[in-house]
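Enquirer: Sharing a structure with you now.
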Amino acid sequence: MALATGISIPGLSELSNPISNEVLEAKHLAKDAGIEFCLAYFWGIEPRKIALAKQMNVLGAVGGINPSMVSMKGSDNYDFQVIKAVKEAWEKEGLKLKVIEGPPSLYTKTKLGLEGRDEEIANFIKFIQHIGSLGIDTVCHNWMPVINWTRSNFEKSSRGGALVSSFDIKEIENQPMITEFGEITHDKMWDNMEYFLKAVIPEAEKAGVKLALHPDDPPVDSIRGIPRIMTSVDAFKKLLDLYPSPSNGITFCQGSFASMGDENNSVDIPAAIKYFGKREAIHFVHFRDVRGHKNNFEETFHDNGKTDMYKAMEAYYTIGFKGPMRPDHVPTMAGDSNKHPGYSTIGTLFAIGYMRGLIEGVSKVYSG
Ligand code: CS2
Ligand code: MN
């Protein structure tokens, strides 16, 4: 039976009565081509955002493990009971915790290869084993010690006066230079990555957990003496070759990949999606866009950046991506707060609507 949207769901007979929830649900999955749309909740339970998510039928949650969120302040965030309580707290809200982003016990000592990294890694392995036993199978991590994702401006005026974040390397050049960790080499950062992968990936495989490494953002060579290594398509090819495994994969943050390169050459986003998709290495997607390049860029509305977002979504469809996808950073729109830049609620609504329209359009073209 071909539904109004032209999406045929095999095995469905003509319905004499109004369309059933099962069919609607199936249509929804078919509608998003099986991609699991999610929203990020980095500040705990947000009732309004959850209500809006349910109205949009976006039931995947992405967040961290915060003991205070489940009144277990003081407990370790890699403790089984804490993780179980966090998972159940989201289920109580009618959502499913699909990805843990910003995982416990993966911090500076591991990334910089300092004394004490083995204890951090041992606790990270406990975390992996616990989430595997609880059916949570994807972890978004990054290799940005000391200075995480960063910008030089969090309130740049964009279309219609919406606020976006931007980065201009010239604006940070006068920051205090070298951190207390001194100058580290890129080779050392790769050695630390290899040490980590060799310890963790075998355990992640046993636990059925996929690690999805997020690109460095911004993807510049280094900031204040701390090298950045996950700053190119080639770096991600090297990551996959370092330890080939279904558990060693990528968070394809489209905005971070789109800001790689310079004013003369940019990453071909659809081609990169297809390349890493063919290697079955994309475990999680951050669907966003920018204008500019790594030394000078600004974030944009999803329909106003440098990337052909239809072709990007088409690429996810043609590689058969069926994993979690979230809108990532969005502009702060009129009447919304810029308290958490990139995570405006109104901006998220615009993004989800755009993403759903794109995947519906792609699905229609490919499924007739
Ligand atoms: C973001 C992340 O930089 C990015 O592309 O996806 O840095 C994300 O905002 C943080 O990891 C959230 O803690
Ligand atoms: Mn991202």
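A note on labels: chains of the structure tokens are A, B, ... as shown, every chain counts residues from 1, and ligands are counted from 1 in their shown order.
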Per residue of chain A within 6 Å of ligand 1, what are the shortest atom pair and its distance in Å to one decimal, counting only C-alpha atoms and all ligand atoms, with rows by chain and residue number, as a Markdown table?
Expert:
| residue | atom | partner | partner_atom_place_in_ligand_line | distance |
| --- | --- | --- | --- | --- |
| A:Gly102 | CA | ligand 1 | 13 (O) | 5.9 |
| A:Trp149 | CA | ligand 1 | 7 (O) | 4.8 |
| A:Asp217 | CA | ligand 1 | 3 (O) | 5.1 |
| A:Cys253 | CA | ligand 1 | 5 (O) | 5.8 |
| A:Ser256 | CA | ligand 1 | 5 (O) | 5.8 |
| A:Asp328 | CA | ligand 1 | 6 (O) | 5.4 |
Enquirer: DSSP on the backbone: which residues in region 148-206 of chain A end up as strand (DSSP E or B)? Give the answer as a tab-separated table (two decimals) with C-alpha atoms, in the first residue's frame.
Expert:
chain	number	residue	atom	x	y	z
A	153	ASN	CA	33.07	34.51	19.57
A	154	PHE	CA	29.80	33.00	20.86
A	155	GLU	CA	27.45	35.76	19.78
A	156	LYS	CA	28.25	36.62	16.19
A	157	SER	CA	25.25	38.11	14.40
A	163	LEU	CA	23.43	34.52	17.16
A	164	VAL	CA	26.03	31.93	16.14
A	165	SER	CA	29.52	30.98	17.30
A	166	SER	CA	32.57	31.75	15.19
A	167	PHE	CA	36.31	31.17	15.27
A	168	ASP	CA	39.05	33.45	13.98
Enquirer: Residues within 10 Å of ligand 2, counting only C-alpha atoms and all ligand atoms: report them as an mmCIF file with N, CA and C atoms, in the first residue's frame.
Expert:
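As a result, pocket26.cif now contains:
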data_model
loop_
_atom_site.group_PDB
_atom_site.id
_atom_site.type_symbol
_atom_site.label_atom_id
_atom_site.label_comp_id
_atom_site.auth_asym_id
_atom_site.auth_seq_id
_atom_site.Cartn_x
_atom_site.Cartn_y
_atom_site.Cartn_z
ATOM 1 N N CYS A 140 30.363 8.778 22.074
ATOM 2 C CA CYS A 140 31.015 9.857 21.307
ATOM 3 C C CYS A 140 32.103 10.459 22.187
ATOM 4 N N ASN A 142 36.281 12.426 22.223
ATOM 5 C CA ASN A 142 37.173 13.247 21.375
ATOM 6 C C ASN A 142 38.592 13.204 21.913
ATOM 7 N N TRP A 149 36.153 21.763 22.619
ATOM 8 C CA TRP A 149 35.750 22.563 21.446
ATOM 9 C C TRP A 149 35.751 24.021 21.874
ATOM 10 N N HIS A 214 34.982 11.992 17.739
ATOM 11 C CA HIS A 214 34.571 13.296 17.181
ATOM 12 C C HIS A 214 35.814 14.042 16.697
ATOM 13 N N PRO A 215 35.707 14.755 15.580
ATOM 14 C CA PRO A 215 36.863 15.540 15.110
ATOM 15 C C PRO A 215 37.222 16.646 16.101
ATOM 16 N N ASP A 216 38.445 17.118 16.013
ATOM 17 C CA ASP A 216 38.841 18.292 16.801
ATOM 18 C C ASP A 216 38.105 19.515 16.242
ATOM 19 N N ASP A 217 37.671 20.356 17.151
ATOM 20 C CA ASP A 217 36.856 21.502 16.733
ATOM 21 C C ASP A 217 37.294 22.727 17.522
ATOM 22 N N THR A 251 32.414 9.760 14.952
ATOM 23 C CA THR A 251 31.267 10.680 14.999
ATOM 24 C C THR A 251 31.468 11.624 13.823
ATOM 25 N N PHE A 252 30.662 11.462 12.779
ATOM 26 C CA PHE A 252 30.846 12.315 11.599
ATOM 27 C C PHE A 252 30.196 13.662 11.907
ATOM 28 N N CYS A 253 30.971 14.534 12.562
ATOM 29 C CA CYS A 253 30.479 15.892 12.837
ATOM 30 C C CYS A 253 30.680 16.709 11.567
ATOM 31 N N GLN A 254 29.584 16.926 10.864
ATOM 32 C CA GLN A 254 29.672 17.522 9.530
ATOM 33 C C GLN A 254 30.278 18.911 9.564
ATOM 34 N N GLY A 255 29.933 19.677 10.605
ATOM 35 C CA GLY A 255 30.465 21.037 10.711
ATOM 36 C C GLY A 255 31.969 21.033 10.940
ATOM 37 N N SER A 256 32.437 20.089 11.745
ATOM 38 C CA SER A 256 33.887 20.004 11.996
ATOM 39 C C SER A 256 34.617 19.573 10.725
ATOM 40 N N PHE A 257 34.071 18.597 10.012
ATOM 41 C CA PHE A 257 34.700 18.172 8.754
ATOM 42 C C PHE A 257 34.641 19.299 7.719
ATOM 43 N N PHE A 284 27.811 7.674 14.374
ATOM 44 C CA PHE A 284 26.997 8.755 14.938
ATOM 45 C C PHE A 284 27.224 9.984 14.044
ATOM 46 N N VAL A 285 26.173 10.777 13.848
ATOM 47 C CA VAL A 285 26.292 11.965 12.986
ATOM 48 C C VAL A 285 25.856 13.215 13.736
ATOM 49 N N HIS A 286 26.685 14.253 13.615
ATOM 50 C CA HIS A 286 26.309 15.609 14.045
ATOM 51 C C HIS A 286 26.008 16.379 12.757
ATOM 52 N N PHE A 287 24.737 16.693 12.524
ATOM 53 C CA PHE A 287 24.335 17.281 11.244
ATOM 54 C C PHE A 287 24.285 18.798 11.410
ATOM 55 N N ARG A 288 25.339 19.466 10.979
ATOM 56 C CA ARG A 288 25.362 20.926 11.053
ATOM 57 C C ARG A 288 26.280 21.471 9.956
ATOM 58 N N ASP A 289 26.351 22.824 9.857
ATOM 59 C CA ASP A 289 27.162 23.392 8.772
ATOM 60 C C ASP A 289 27.839 24.694 9.217
ATOM 61 N N ARG A 326 22.148 13.764 15.343
ATOM 62 C CA ARG A 326 21.568 14.910 16.044
ATOM 63 C C ARG A 326 21.947 16.196 15.332
ATOM 64 N N PRO A 327 21.187 17.282 15.522
ATOM 65 C CA PRO A 327 21.458 18.525 14.796
ATOM 66 C C PRO A 327 22.730 19.241 15.229
ATOM 67 N N ASP A 328 23.327 18.956 16.338
ATOM 68 C CA ASP A 328 24.521 19.624 16.867
ATOM 69 C C ASP A 328 24.250 21.131 17.011
ATOM 70 N N HIS A 329 25.271 21.969 16.822
ATOM 71 C CA HIS A 329 25.103 23.399 17.122
ATOM 72 C C HIS A 329 24.102 24.073 16.184
#
Enquirer: Mind pulling up the distance from CA of Val99 (chain A) to CA of Trp190 (chain A)?
Expert: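 According to the coordinates, CA of Trp190 (chain A) and CA of Val99 (chain A) are separated by 25.0 Å.
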Enquirer: Considering only C-alpha atoms, return as a count of residues only whatever protein or nucleic-acid residues lie within 12 Å of Ala212 (chain A), sequence-local ones (same chain, fewer than 4 positions apart) excluded.
Expert: 36
Enquirer: Can you tell me, as a list in words, what residues are no more than 8 Å from Leu106 (chain A) when counting only C-alpha atoms, ignoring any on the same chain fewer than 3 positions away?
Expert: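 Selected residues are Pro103, Thr110, Lys111, Glu120, Ile121 and Phe124 of chain A.
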Enquirer: How about saving the chosen residues, C-alpha atoms kept, as a PDB file, in the first residue's frame?
Expert:
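New file again08.pdb:
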ATOM      1  CA  PRO A 103      32.061   9.841  28.512  1.00  0.00           C
ATOM      2  CA  THR A 110      44.906   9.447  28.947  1.00  0.00           C
ATOM      3  CA  LYS A 111      45.012  11.951  26.102  1.00  0.00           C
ATOM      4  CA  GLU A 120      41.680   6.336  33.951  1.00  0.00           C
ATOM      5  CA  ILE A 121      41.661   3.715  31.195  1.00  0.00           C
ATOM      6  CA  PHE A 124      36.796   3.781  31.210  1.00  0.00           C
TER       7      PHE A 124
END
Enquirer: Considering only alpha helix (DSSP H) as DSSP defines it on the backbone, what residues of region 70-108 of chain A qualify? List them as a list in words.
Expert: Phe80, Gln81, Val82, Ile83, Lys84, Ala85, Val86, Lys87, Glu88, Ala89, Trp90, Glu91, Lys92 and Thr108 of chain A
Enquirer: For Met72 (chain A), please output as a ChimeraX atom specification all residues within 10 Å (counting only C-alpha atoms; exclusion window: fewer than 6 positions along the same chain).
Expert: /A:66,81-82,85-86
Enquirer: Under the rule that only C-alpha atoms are counted, which of A:Thr345, A:Asn192, A:Thr179, A:Ser158 is the nearest residue to Glu298 (chain A)?
Expert: A:Ser158
